Amino acid sequence: ALPFADAEFDALSFTYLLRYVDDPAATMRELARVLKPGGRIAMLEFGVPSDPTLRSLWRIHTRAGLPLLGRAVSRDWYEVGRFLGPNIEQFHAAVPDLPALWHSAGMTDAHQRDFSFGAGIVVTGVRDADER
């Protein structure tokens with residue numbers, strides 16, 4: 001429950017939020033609630049490449065590369081590196097169609113754009129102009 005009135009914001013943006021909440025659908029509904037009808041929303045998130053070869057390379061990077069890079073910095077960053085790959089994959093397995101999730105929360109014109117072969121994604125949408 002966000003501490004804001006209904007339809008208080010013209011636009012919203014967020015990064016990595018939905019991966020860290022217990023109920024992504026409820027979170028999207030709450031974000032839509034505080035967004036004005038016709039308001040825009042955008043999200044930046046890590047993705048998982050759909051191409052099997054690229055996904056294999058991504059897994060090597062997230063399972064070995066990130067932890068090794070983190071180890072060069074500190075023990076804590078090593079743990080972050082170990083956590084990220086599995087966490088990203090678990091999220092996308094649980095929520096495989098982000099635009100559909102957004103539509104169910106009252107967002108129209110929700111689109112996902114993949115970057116870096118699907119390892120990065122941006123989802124954008126517009127709150128339904130009809131009052132709820």
# chains A, B, ... in the order shown; residues from 1 in each chain; ligands from 1
>>> residues_around(residues="Gly120 in chain A", least_positions_apart="3", cutoff="9 Å", atoms="only C-alpha atoms", output="list in words")
Leu44, Glu45, Phe46, Gly47, Val48, Pro49, Arg113, Asp114, Phe115, Ser116 and Phe117 of chain A
>>> write_last_selection(atoms="N, CA and C atoms", output="PDB file, in the first residue's frame")
ATOM      1  N   LEU A  44      12.720  -1.066 -15.900  1.00  0.00           N
ATOM      2  CA  LEU A  44      13.964  -1.653 -16.387  1.00  0.00           C
ATOM      3  C   LEU A  44      14.220  -2.906 -15.569  1.00  0.00           C
ATOM      4  N   GLU A  45      14.571  -3.995 -16.235  1.00  0.00           N
ATOM      5  CA  GLU A  45      14.788  -5.265 -15.537  1.00  0.00           C
ATOM      6  C   GLU A  45      15.805  -6.095 -16.308  1.00  0.00           C
ATOM      7  N   PHE A  46      16.459  -7.000 -15.612  1.00  0.00           N
ATOM      8  CA  PHE A  46      17.287  -7.993 -16.277  1.00  0.00           C
ATOM      9  C   PHE A  46      16.376  -9.026 -16.911  1.00  0.00           C
ATOM     10  N   GLY A  47      16.822  -9.608 -18.000  1.00  0.00           N
ATOM     11  CA  GLY A  47      16.071 -10.654 -18.665  1.00  0.00           C
ATOM     12  C   GLY A  47      16.925 -11.898 -18.830  1.00  0.00           C
ATOM     13  N   VAL A  48      16.318 -12.909 -19.427  1.00  0.00           N
ATOM     14  CA  VAL A  48      16.999 -14.161 -19.739  1.00  0.00           C
ATOM     15  C   VAL A  48      16.883 -14.354 -21.246  1.00  0.00           C
ATOM     16  N   PRO A  49      18.006 -14.428 -21.962  1.00  0.00           N
ATOM     17  CA  PRO A  49      17.925 -14.603 -23.415  1.00  0.00           C
ATOM     18  C   PRO A  49      17.107 -15.832 -23.789  1.00  0.00           C
ATOM     19  N   ARG A 113      10.471  -4.411 -24.573  1.00  0.00           N
ATOM     20  CA  ARG A 113      11.538  -4.281 -25.555  1.00  0.00           C
ATOM     21  C   ARG A 113      12.787  -4.928 -24.963  1.00  0.00           C
ATOM     22  N   ASP A 114      13.352  -5.865 -25.713  1.00  0.00           N
ATOM     23  CA  ASP A 114      14.538  -6.578 -25.259  1.00  0.00           C
ATOM     24  C   ASP A 114      15.800  -5.879 -25.748  1.00  0.00           C
ATOM     25  N   PHE A 115      16.818  -5.870 -24.894  1.00  0.00           N
ATOM     26  CA  PHE A 115      18.119  -5.327 -25.220  1.00  0.00           C
ATOM     27  C   PHE A 115      19.180  -6.372 -24.902  1.00  0.00           C
ATOM     28  N   SER A 116      20.332  -6.251 -25.519  1.00  0.00           N
ATOM     29  CA  SER A 116      21.459  -7.162 -25.253  1.00  0.00           C
ATOM     30  C   SER A 116      21.026  -8.615 -25.356  1.00  0.00           C
ATOM     31  N   PHE A 117      20.356  -8.937 -26.467  1.00  0.00           N
ATOM     32  CA  PHE A 117      19.911 -10.302 -26.757  1.00  0.00           C
ATOM     33  C   PHE A 117      18.918 -10.841 -25.735  1.00  0.00           C
TER      34      PHE A 117
END
>>> residues_around(residues="Val80 in chain A", least_positions_apart="3", cutoff="8 Å", atoms="only C-alpha atoms", output="list in words")
Pro67, Gly70, Asp76, Trp77, Phe83 and Leu84 of chain A
>>> write_last_selection(atoms="all heavy atoms", output="PDB file, in the first residue's frame")
ATOM      1  N   PRO A  67      30.016 -14.006  -9.995  1.00  0.00           N
ATOM      2  CA  PRO A  67      30.614 -14.292  -8.694  1.00  0.00           C
ATOM      3  C   PRO A  67      32.129 -14.033  -8.661  1.00  0.00           C
ATOM      4  O   PRO A  67      32.646 -13.509  -7.673  1.00  0.00           O
ATOM      5  CB  PRO A  67      30.300 -15.778  -8.466  1.00  0.00           C
ATOM      6  CG  PRO A  67      29.063 -16.013  -9.264  1.00  0.00           C
ATOM      7  CD  PRO A  67      29.217 -15.136 -10.480  1.00  0.00           C
ATOM      8  N   GLY A  70      32.644 -10.353  -8.500  1.00  0.00           N
ATOM      9  CA  GLY A  70      32.294  -9.919  -7.155  1.00  0.00           C
ATOM     10  C   GLY A  70      33.367 -10.282  -6.139  1.00  0.00           C
ATOM     11  O   GLY A  70      33.695  -9.497  -5.253  1.00  0.00           O
ATOM     12  N   ASP A  76      31.004  -9.904   0.186  1.00  0.00           N
ATOM     13  CA  ASP A  76      29.599  -9.533   0.001  1.00  0.00           C
ATOM     14  C   ASP A  76      29.236  -9.463  -1.474  1.00  0.00           C
ATOM     15  O   ASP A  76      28.157  -9.917  -1.874  1.00  0.00           O
ATOM     16  CB  ASP A  76      29.303  -8.200   0.679  1.00  0.00           C
ATOM     17  CG  ASP A  76      29.354  -8.297   2.205  1.00  0.00           C
ATOM     18  OD1 ASP A  76      29.184  -9.416   2.741  1.00  0.00           O
ATOM     19  OD2 ASP A  76      29.565  -7.254   2.851  1.00  0.00           O
ATOM     20  N   TRP A  77      30.103  -8.886  -2.302  1.00  0.00           N
ATOM     21  CA  TRP A  77      29.817  -8.787  -3.735  1.00  0.00           C
ATOM     22  C   TRP A  77      29.858 -10.160  -4.398  1.00  0.00           C
ATOM     23  O   TRP A  77      29.150 -10.409  -5.363  1.00  0.00           O
ATOM     24  CB  TRP A  77      30.750  -7.804  -4.424  1.00  0.00           C
ATOM     25  CG  TRP A  77      30.284  -6.407  -4.229  1.00  0.00           C
ATOM     26  CD1 TRP A  77      30.832  -5.456  -3.420  1.00  0.00           C
ATOM     27  CD2 TRP A  77      29.129  -5.800  -4.830  1.00  0.00           C
ATOM     28  NE1 TRP A  77      30.098  -4.298  -3.478  1.00  0.00           N
ATOM     29  CE2 TRP A  77      29.046  -4.480  -4.343  1.00  0.00           C
ATOM     30  CE3 TRP A  77      28.161  -6.240  -5.727  1.00  0.00           C
ATOM     31  CZ2 TRP A  77      28.042  -3.607  -4.716  1.00  0.00           C
ATOM     32  CZ3 TRP A  77      27.152  -5.369  -6.106  1.00  0.00           C
ATOM     33  CH2 TRP A  77      27.105  -4.075  -5.598  1.00  0.00           C
ATOM     34  N   PHE A  83      23.887 -14.733  -6.267  1.00  0.00           N
ATOM     35  CA  PHE A  83      22.439 -14.600  -6.110  1.00  0.00           C
ATOM     36  C   PHE A  83      21.734 -14.184  -7.405  1.00  0.00           C
ATOM     37  O   PHE A  83      20.638 -14.660  -7.709  1.00  0.00           O
ATOM     38  CB  PHE A  83      22.183 -13.572  -5.004  1.00  0.00           C
ATOM     39  CG  PHE A  83      20.788 -13.035  -4.941  1.00  0.00           C
ATOM     40  CD1 PHE A  83      19.781 -13.754  -4.331  1.00  0.00           C
ATOM     41  CD2 PHE A  83      20.484 -11.797  -5.504  1.00  0.00           C
ATOM     42  CE1 PHE A  83      18.485 -13.259  -4.274  1.00  0.00           C
ATOM     43  CE2 PHE A  83      19.196 -11.298  -5.444  1.00  0.00           C
ATOM     44  CZ  PHE A  83      18.195 -12.032  -4.834  1.00  0.00           C
ATOM     45  N   LEU A  84      22.345 -13.274  -8.160  1.00  0.00           N
ATOM     46  CA  LEU A  84      21.632 -12.623  -9.267  1.00  0.00           C
ATOM     47  C   LEU A  84      21.114 -13.570 -10.339  1.00  0.00           C
ATOM     48  O   LEU A  84      19.937 -13.509 -10.703  1.00  0.00           O
ATOM     49  CB  LEU A  84      22.513 -11.551  -9.915  1.00  0.00           C
ATOM     50  CG  LEU A  84      22.484 -10.202  -9.244  1.00  0.00           C
ATOM     51  CD1 LEU A  84      23.472  -9.255  -9.913  1.00  0.00           C
ATOM     52  CD2 LEU A  84      21.101  -9.609  -9.240  1.00  0.00           C
TER      53      LEU A  84
END
>>> residues_around(residues="His111 in chain A", least_positions_apart="3", cutoff="7 Å", atoms="only C-alpha atoms", output="JSON, numbers by chain")
{"A": [99, 123, 124, 125]}
>>> residues_around(residues="Lys36 in chain A", least_positions_apart="2", cutoff="7 Å", atoms="only C-alpha atoms", output="JSON, numbers by chain")
{"A": [7, 8, 9, 10, 34, 38, 39]}
>>> write_last_selection(atoms="C-alpha atoms", output="mmCIF file, in the first residue's frame")
data_model
loop_
_atom_site.group_PDB
_atom_site.id
_atom_site.type_symbol
_atom_site.label_atom_id
_atom_site.label_comp_id
_atom_site.auth_asym_id
_atom_site.auth_seq_id
_atom_site.Cartn_x
_atom_site.Cartn_y
_atom_site.Cartn_z
ATOM 1 C CA ALA A 7 -4.151 9.054 -9.503
ATOM 2 C CA GLU A 8 -1.467 11.216 -7.901
ATOM 3 C CA PHE A 9 1.335 10.757 -10.467
ATOM 4 C CA ASP A 10 1.624 11.606 -14.157
ATOM 5 C CA VAL A 34 -1.412 5.940 -7.926
ATOM 6 C CA GLY A 38 -3.466 8.062 -19.280
ATOM 7 C CA GLY A 39 -0.238 8.275 -17.226
#
>>> residues_around(residues="Glu79 in chain A", least_positions_apart="4", cutoff="12 Å", atoms="only C-alpha atoms", output="list in words")
Thr62, Arg63, Ala64, Leu66, Pro67, Leu68, Leu69, Gly70, Arg71, Ala72, Val73, Ser74, Arg75, Phe83, Leu84, Gly85 and Pro86 of chain A
>>> closest_residue(among="A:Thr27, A:Ser104, A:Ser56, A:Gln112", to="Arg127 in chain A", atoms="only C-alpha atoms")
A:Ser104
>>> residues_around(residues="Leu18 in chain A", least_positions_apart="4", cutoff="9 Å", atoms="only C-alpha atoms", output="list in words")
Asp22, Asp23, Pro24, Ala25, Thr27, Met28, Glu45 and Phe91 of chain A
>>> write_last_selection(atoms="N, CA, C and O atoms", output="PDB file, in the first residue's frame")
ATOM      1  N   ASP A  22       6.563 -10.027  -2.969  1.00  0.00           N
ATOM      2  CA  ASP A  22       5.885 -11.316  -2.857  1.00  0.00           C
ATOM      3  C   ASP A  22       4.793 -11.501  -3.898  1.00  0.00           C
ATOM      4  O   ASP A  22       4.525 -12.621  -4.320  1.00  0.00           O
ATOM      5  N   ASP A  23       4.158 -10.407  -4.308  1.00  0.00           N
ATOM      6  CA  ASP A  23       3.026 -10.490  -5.224  1.00  0.00           C
ATOM      7  C   ASP A  23       3.171  -9.439  -6.328  1.00  0.00           C
ATOM      8  O   ASP A  23       2.679  -8.312  -6.195  1.00  0.00           O
ATOM      9  N   PRO A  24       3.847  -9.795  -7.435  1.00  0.00           N
ATOM     10  CA  PRO A  24       4.036  -8.821  -8.519  1.00  0.00           C
ATOM     11  C   PRO A  24       2.722  -8.270  -9.084  1.00  0.00           C
ATOM     12  O   PRO A  24       2.642  -7.083  -9.410  1.00  0.00           O
ATOM     13  N   ALA A  25       1.685  -9.078  -9.150  1.00  0.00           N
ATOM     14  CA  ALA A  25       0.399  -8.606  -9.688  1.00  0.00           C
ATOM     15  C   ALA A  25      -0.203  -7.537  -8.783  1.00  0.00           C
ATOM     16  O   ALA A  25      -0.680  -6.492  -9.259  1.00  0.00           O
ATOM     17  N   THR A  27       1.422  -5.649  -6.719  1.00  0.00           N
ATOM     18  CA  THR A  27       2.301  -4.484  -6.800  1.00  0.00           C
ATOM     19  C   THR A  27       1.983  -3.659  -8.046  1.00  0.00           C
ATOM     20  O   THR A  27       1.905  -2.426  -7.975  1.00  0.00           O
ATOM     21  N   MET A  28       1.768  -4.319  -9.169  1.00  0.00           N
ATOM     22  CA  MET A  28       1.413  -3.579 -10.390  1.00  0.00           C
ATOM     23  C   MET A  28       0.061  -2.884 -10.251  1.00  0.00           C
ATOM     24  O   MET A  28      -0.112  -1.754 -10.703  1.00  0.00           O
ATOM     25  N   GLU A  45      14.571  -3.995 -16.235  1.00  0.00           N
ATOM     26  CA  GLU A  45      14.788  -5.265 -15.537  1.00  0.00           C
ATOM     27  C   GLU A  45      15.805  -6.095 -16.308  1.00  0.00           C
ATOM     28  O   GLU A  45      15.985  -5.903 -17.508  1.00  0.00           O
ATOM     29  N   PHE A  91      12.459 -15.348 -11.290  1.00  0.00           N
ATOM     30  CA  PHE A  91      11.444 -14.324 -11.529  1.00  0.00           C
ATOM     31  C   PHE A  91      10.786 -14.524 -12.886  1.00  0.00           C
ATOM     32  O   PHE A  91       9.558 -14.517 -13.004  1.00  0.00           O
TER      33      PHE A  91
END
>>> atom_distance(atom1="CA of Met107 in chain A", atom2="CA of Val126 in chain A")
5.3 Å
>>> closest_residue(among="A:Arg19, A:Ser13, A:Asp130, A:Ala42", to="Ala93 in chain A", atoms="only C-alpha atoms")
A:Arg19
>>> atom_distance(atom1="CA of Glu30 in chain A", atom2="CA of Leu2 in chain A")
7.1 Å
